[in-house]
Amino acid sequence: MADSDYLTKRRLLIREKRLNGIAAFYGEAGTLLEELKQNGPHQRIRTFAQETRHDLHYAMKLLGSIPESAMVIHGAAGCGGAERMAAAGGPAGKNWVTTNLNERDTIMGSDFKLREAVLSVYAKSRPKLIFIIAAPVVAINNDDIESVLQELQEELDAALIPVYTDGFSTKLGESGCDYAQHALLRYLAVQPREQGDAARLEGGPLLTLLAVSELPENIRELAALTVRAGFRTRVFPRFSARDQWNEVVRADYSASVHEDESDYTGHVLEERFSISYIPAPLPLGGSGTAQWLRAISESAGLDIEWIASEELKLREETHPEQLKGLRVYVNLPPAYAFGISGFLEELGAETAGFKLPYLDKRHLAQLEALAARQPDLKFLVGDGQPYEEANLLARLRPHVYIGSGKEAGCALRLGISAIDVEQLPVLGFEGARRLLRRLEQLHRGPSLVRYLSGAAEGGQQPVYQERWLQRSVNWHIKQEVK
Amino acid sequence: MSRILHQNRNGCALQGAVKTLAAVEGFVPVIHSNAGCAIGQTPDWTELPSTILMEKQIVFGGASRLREQIKNTAKILDGELYVVVTGCASEMVGDDVPAMVKEAREQQLPVIGLETAGFRGNVYRGYELSVKKILEKINNNTTDSPVLKGTVNLLGIVPGQDLFWEGSLAQLHRLLDSLGLEANPLFGDGQGTAAWQRACRAELTLVLSPWGLEGAHFLEEQYGVPYLESGGVPVGAEDENRLAVKLAERLGLDGEQTARRNRKALQLQTRCLGRLAPLYYSRGLQKEAAIVGPSAFAAGYAKFLAECFGQIIPAVIVTDDPPEEKRQDIIRFITGEGFGAGDADPGSGLIPKVYFTDDTLEIHHLLEEARPEIILGSVLEKPAAAGLGVPLLIASGHQEGFVVLNKSYTGTEGAMALVEDYANALLSHQPAHTGDKGEERRL
C-alpha cells in the first residue's frame, strides 16, 4: 500500500503495523538485529509501566508551532490543561480551548460543545487554521467530529482540520507526529492547486525541508546550509504558516531533517504532488551533516565541493582521541542515538549502551552496521520507563548520559552528568561544535552531580527498591500474546 | 453543566489526585488510564506508575492489567500506601477497580482506590476527593484516642497546583511554631503516613481554602476535630497576626506570648516597608493592581497590598471555581476584614470587585475592563499584560519558564518577598531615564 493511499482514511495505520515498530525490548544488538531481519521484531508488553507521552502530546507539540493557528482539545478538561500544553511547547500566548467534557457529555454526546469551542476560538483571534485534537473520551465514544466540522466550515474562513489521536491505539507515542502530518496532508490534498510552474522557474530548485520537532536553531542552520547549496528552501510543517503551503506543495524536492518523523510526508508529497523525496541520513556530526548535504545537493545536480571544506574545518577543530576514555550512554530516537554515538566514537569515546524510545524496520541498515562492530552492545527500547533505565545505568555506569527532557534530569539524580538534546541544538556543523562544548562544560562543572549522587551529605534517597535493581532489566518485558 | 474552557489552568480531577498523592512521602499513585494523563503534573511525572491502557484493554477491560500493575508497583517502588487513581478511559469502560483493590488488600498490600476521572472536575476537586478518601481509609484511630494537644492540621493549599504551596506550608509551620503549636501540614517535606494518621487526633484543622472543607468536615464528624476557616493564606503581618489571635482564642494559648509574637512581626514589616519609603513615590510604586489567582491566595494578596502597601485593587479574579455556596464567604474574606467594609461601592478603588472565573478569555476581558497598572497572576496572563502594556508578577498558576523551590508570599516574611518582587516588576517595566548616549534627560 502506498503511503498516499492512507489519505482516504481518517487515521493513519499505527507504526506497529505500518513499520513493524516496537516499544519494548531489552537485549543485545545482535539479537535485536536477528529479530528485525526475520519478519520484524516481536511485539512485547510491559507488566509494570510508568507514565509516558502519548500521541496527543506529539501532535500538539507539532501543531502548536504553526503560526496563525488555534487548537481545540476535544475531551475532558485535563487533556487540554496548561501544564500539558507547557510540556508540549508552551501555552503562554497560544490560542487553545478545551471542550471540557463532563460525565453527562460522555453519555449524551458533545457536538454542541465542539461547535461552541470552534466558534469561540475563531472569534478570539481569527486564526487561519483550527486544529481539532481528539482526546481519549471522544475516541472511546466515537463522537462524530467530521459532521460538526463540515457544517462549521461553511460558516468560517479558517481551515478546520481534525486530528484523530486517541491516546491508546499505539504504544509508540511519537506516532502523534504522523497523525498531525496526516491531517495536514489530507487537508492539502483537497485544496485547489495554483496553476503554472512559476515557483519552479524562478531561481534555484525549490526544496521543502521537512521539520517536525527540531529546535529553531537547528532548523535555521540547516535551512541556511541548503540555501548555500543553491536551493530556495521552505520549511514544513514545523513553524510553517499556511501562506507558505502553496509553495511547499509545488517544490521540486523534499528532504527530511529526521526521516523517522517525516518520511511519511515526504512519500505522500512525492506520490500525490510529484515532489521528489530525497532520502538522507540525519545531519548530525561533521560527517553526518556532510552526507546529508551531499545527498540532497547531488539529487538536485548542485555543486557539492564546498561541503568537504566545511567538514574538514570541523575535523581540524577536533582530535581523534579527545574523548578517549569517555563512556557515553544515549537515550534518543534511533537516528539521533546512532548519529551521536558515531560522532563521539570518531573522537575516541565509547558507547556504553542505548535506549531508544522505539525501533522499526527503517533502522535495519544502521543496526546492522552497529551490530557488526559491537554485537554485544546493550539495547533497551521503550519510551520513558526510568525504572528500567535506572537498573541498566547501575550496571553500565557511563560517564555521560545523552538524552532528552525529564530522562536527562533523572540521570542527574543517579549521579551521571547529562546532556538534554531538547535544550541543546546538536544538528549541523554548529550543532556538533555545541555538543563538544557542552561535554567539556560537564567535565569542568561536576559539583551538582556529585552532590545529588550522595557523595555529599544529604544525598537523595533511592527511588527504586534494591531488589528491583538486582533483577534483570527486562524482567517486566514479555512477549505479547495475540 | 460544564462550559468550554479557554486555556485551562486547572487541569482535571485525576491530575489533582496525582499532585496530592505525589506530595506525601510514602504515598504512591497508581494511574489506571491510557498514557499521557499525568504529563507535566509533578516534577518527576515520568516515574509515576501507570497501567498505560491500550486499545485491547479499552475494548476487553483493563482489570487484569491493573491487578498486575498493583502487584508489580509494590515490588519496585517502596510505599506505605498505594492509591489507584482512575482516568476517563478506565471509568468509561467500567473496570472493576474496587475488586482489584480488594484483592490486593487481601494479599496484605496497603492499597486504596479513588474515582478521579477527568470528567469529574478540576484539579481542586481531585485534591478534595483524595484528601477525604485518604483520611477515611488510612486511620486506625478511634474517637477514644487521646487528642494531640497543640497539633493543627493544615488543609486547603493544593500541592503542585498552588504555585508557592511548599513555601507557604513551611511559613505556616513557622507561624504555628512561634505560637507554641505543632503544625501538621500533611504535604511536603517529612510528611508521610504518620502525619495523616495524626490528623484525626489533632486539636484543630485550619482550613485555608474551600477545598479543605470536605476533609475538615470529615475529621470533625468522625473524630471530633474542630476546624477554623482562615479565609485564605495570611499575607503580611496584619493578616498573620489576626490569624494568630484567632488561633490563640480558639486553643486557649498564652495571650502575652501571642501579643509578643505579633509585635515582632509588625516591627519586621514596619522596618522593611520603612526602608522602601524613599522609593515609594519617587519610583512610582503606588499602582492599581489586579489580582488573578485561586481563593487560597487571592484574598491575602489583595488585602495586604491594599491594607499595608497603599495599592488600589480594582479587581480580584478568583480562578479555582469554588462552589457557589462558598463564594459569598470568599467575597467577605476579601472585602470584610481590613478593607473597612461599609458602604463603599465595589470598584470605587477602596473595595475591589470580585469575580469568579477559570476561563482565561473571560479573565482577559475582565482585566481589560479593570485597566490595572500591574497584574498579579499566572503565566497565562502574559498576553493580557502585554496588551495593556503593564508588568505581570507571577503569583499563581503553573511553572513555565521559571523555577519555584521554597519561595512564598505567605506571612510577614513572605509579604516582604512579595513587596520586593512587586516593586522590581514595576521598576524593570519602567523606561530608562537616560538618553542614548547615557546623558541624563532633563525637562
# chains A, B, ... in the order shown; residues from 1 in each chain; ligands from 1
>>> select_by_dssp(residues="region 204-373 of chain A", states="strand (DSSP E)", output="PyMOL selection string")
chain A and resi 206-211+232-237+253-256+276-278+327-331+350-356
>>> interface_residues(of="chain B", to="chain A", cutoff="6 Å", atoms="only C-alpha atoms", output="list in words")
Ile4, Leu5, His6, Gln7, Asn8, Arg9, Gly11, Cys12, Asn34, Ala35, Gly36, Ile39, Gly40, Thr46, Glu47, Leu48, Pro49, Ser50, Met54, Glu55, Gln69, Asn72, Ile76, Leu77, Gly118, Phe119, Leu380 and Pro383 of chain B
>>> residues_around(residues="Asn246 (chain A)", least_positions_apart="3", cutoff="8 Å", atoms="only C-alpha atoms", output="PyMOL selection string")
chain A and resi 193-194+243+249-250
>>> select_by_dssp(residues="region 320-402 of chain B", states="helix (DSSP H, G or I)", output="ChimeraX atom specification")
/B:324-335,360-370,379-388
>>> write_last_selection(atoms="N, CA and C atoms", output="mmCIF file, in the first residue's frame")
data_model
loop_
_atom_site.group_PDB
_atom_site.id
_atom_site.type_symbol
_atom_site.label_atom_id
_atom_site.label_comp_id
_atom_site.auth_asym_id
_atom_site.auth_seq_id
_atom_site.Cartn_x
_atom_site.Cartn_y
_atom_site.Cartn_z
ATOM 1 N N GLU B 324 -20.500 27.396 44.574
ATOM 2 C CA GLU B 324 -21.320 28.608 44.662
ATOM 3 C C GLU B 324 -21.576 29.030 46.102
ATOM 4 N N GLU B 325 -21.840 28.040 46.946
ATOM 5 C CA GLU B 325 -22.236 28.364 48.322
ATOM 6 C C GLU B 325 -21.081 28.964 49.130
ATOM 7 N N LYS B 326 -19.866 28.886 48.613
ATOM 8 C CA LYS B 326 -18.713 29.452 49.335
ATOM 9 C C LYS B 326 -18.305 30.818 48.807
ATOM 10 N N ARG B 327 -18.908 31.234 47.717
ATOM 11 C CA ARG B 327 -18.395 32.439 47.055
ATOM 12 C C ARG B 327 -18.644 33.699 47.865
ATOM 13 N N GLN B 328 -19.810 33.760 48.534
ATOM 14 C CA GLN B 328 -20.064 34.939 49.371
ATOM 15 C C GLN B 328 -19.062 35.032 50.509
ATOM 16 N N ASP B 329 -18.709 33.880 51.064
ATOM 17 C CA ASP B 329 -17.688 33.865 52.125
ATOM 18 C C ASP B 329 -16.363 34.388 51.601
ATOM 19 N N ILE B 330 -16.014 33.971 50.398
ATOM 20 C CA ILE B 330 -14.737 34.405 49.820
ATOM 21 C C ILE B 330 -14.757 35.913 49.617
ATOM 22 N N ILE B 331 -15.881 36.412 49.103
ATOM 23 C CA ILE B 331 -16.007 37.862 48.904
ATOM 24 C C ILE B 331 -15.863 38.573 50.248
ATOM 25 N N ARG B 332 -16.498 37.983 51.255
ATOM 26 C CA ARG B 332 -16.418 38.598 52.592
ATOM 27 C C ARG B 332 -14.988 38.571 53.110
ATOM 28 N N PHE B 333 -14.278 37.480 52.891
ATOM 29 C CA PHE B 333 -12.892 37.404 53.346
ATOM 30 C C PHE B 333 -12.048 38.461 52.657
ATOM 31 N N ILE B 334 -12.334 38.684 51.370
ATOM 32 C CA ILE B 334 -11.530 39.656 50.629
ATOM 33 C C ILE B 334 -11.908 41.067 51.062
ATOM 34 N N THR B 335 -13.168 41.323 51.221
ATOM 35 C CA THR B 335 -13.605 42.711 51.424
ATOM 36 C C THR B 335 -13.983 43.031 52.861
ATOM 37 N N THR B 360 -9.695 31.631 30.752
ATOM 38 C CA THR B 360 -8.662 32.646 30.540
ATOM 39 C C THR B 360 -9.146 33.777 29.644
ATOM 40 N N LEU B 361 -10.025 33.492 28.722
ATOM 41 C CA LEU B 361 -10.543 34.557 27.853
ATOM 42 C C LEU B 361 -11.381 35.541 28.669
ATOM 43 N N GLU B 362 -12.224 35.012 29.543
ATOM 44 C CA GLU B 362 -13.017 35.881 30.412
ATOM 45 C C GLU B 362 -12.109 36.700 31.324
ATOM 46 N N ILE B 363 -11.076 36.050 31.831
ATOM 47 C CA ILE B 363 -10.142 36.754 32.714
ATOM 48 C C ILE B 363 -9.514 37.932 31.964
ATOM 49 N N HIS B 364 -9.145 37.699 30.716
ATOM 50 C CA HIS B 364 -8.517 38.776 29.959
ATOM 51 C C HIS B 364 -9.492 39.921 29.712
ATOM 52 N N HIS B 365 -10.733 39.609 29.439
ATOM 53 C CA HIS B 365 -11.727 40.669 29.251
ATOM 54 C C HIS B 365 -11.908 41.465 30.531
ATOM 55 N N LEU B 366 -11.941 40.773 31.656
ATOM 56 C CA LEU B 366 -12.097 41.464 32.941
ATOM 57 C C LEU B 366 -10.904 42.370 33.214
ATOM 58 N N LEU B 367 -9.725 41.896 32.862
ATOM 59 C CA LEU B 367 -8.531 42.719 33.059
ATOM 60 C C LEU B 367 -8.576 43.944 32.152
ATOM 61 N N GLU B 368 -9.050 43.756 30.955
ATOM 62 C CA GLU B 368 -9.146 44.905 30.029
ATOM 63 C C GLU B 368 -10.123 45.935 30.564
ATOM 64 N N GLU B 369 -11.194 45.460 31.169
ATOM 65 C CA GLU B 369 -12.162 46.398 31.768
ATOM 66 C C GLU B 369 -11.570 47.108 32.968
ATOM 67 N N ALA B 370 -10.838 46.367 33.781
ATOM 68 C CA ALA B 370 -10.312 46.938 35.028
ATOM 69 C C ALA B 370 -9.161 47.912 34.773
ATOM 70 N N VAL B 379 1.269 32.801 34.320
ATOM 71 C CA VAL B 379 1.894 32.887 33.002
ATOM 72 C C VAL B 379 0.838 33.094 31.911
ATOM 73 N N LEU B 380 -0.369 32.593 32.141
ATOM 74 C CA LEU B 380 -1.434 32.712 31.134
ATOM 75 C C LEU B 380 -1.931 34.151 31.009
ATOM 76 N N GLU B 381 -1.555 35.030 31.943
ATOM 77 C CA GLU B 381 -1.944 36.428 31.837
ATOM 78 C C GLU B 381 -0.930 37.248 31.040
ATOM 79 N N LYS B 382 0.094 36.587 30.534
ATOM 80 C CA LYS B 382 1.138 37.338 29.786
ATOM 81 C C LYS B 382 0.553 38.130 28.613
ATOM 82 N N PRO B 383 -0.289 37.498 27.782
ATOM 83 C CA PRO B 383 -0.828 38.275 26.655
ATOM 84 C C PRO B 383 -1.671 39.462 27.124
ATOM 85 N N ALA B 384 -2.439 39.275 28.198
ATOM 86 C CA ALA B 384 -3.263 40.386 28.687
ATOM 87 C C ALA B 384 -2.372 41.523 29.181
ATOM 88 N N ALA B 385 -1.326 41.177 29.921
ATOM 89 C CA ALA B 385 -0.402 42.200 30.426
ATOM 90 C C ALA B 385 0.273 42.924 29.261
ATOM 91 N N ALA B 386 0.683 42.137 28.266
ATOM 92 C CA ALA B 386 1.347 42.747 27.109
ATOM 93 C C ALA B 386 0.371 43.683 26.378
ATOM 94 N N GLY B 387 -0.869 43.247 26.256
ATOM 95 C CA GLY B 387 -1.865 44.071 25.573
ATOM 96 C C GLY B 387 -2.131 45.380 26.302
ATOM 97 N N LEU B 388 -2.098 45.332 27.624
ATOM 98 C CA LEU B 388 -2.326 46.545 28.419
ATOM 99 C C LEU B 388 -1.050 47.334 28.613
#
>>> closest_residue(among="A:Ile14, A:Leu225, A:Leu392, A:Met1", to="Leu427 (chain A)", atoms="only C-alpha atoms")
A:Leu225
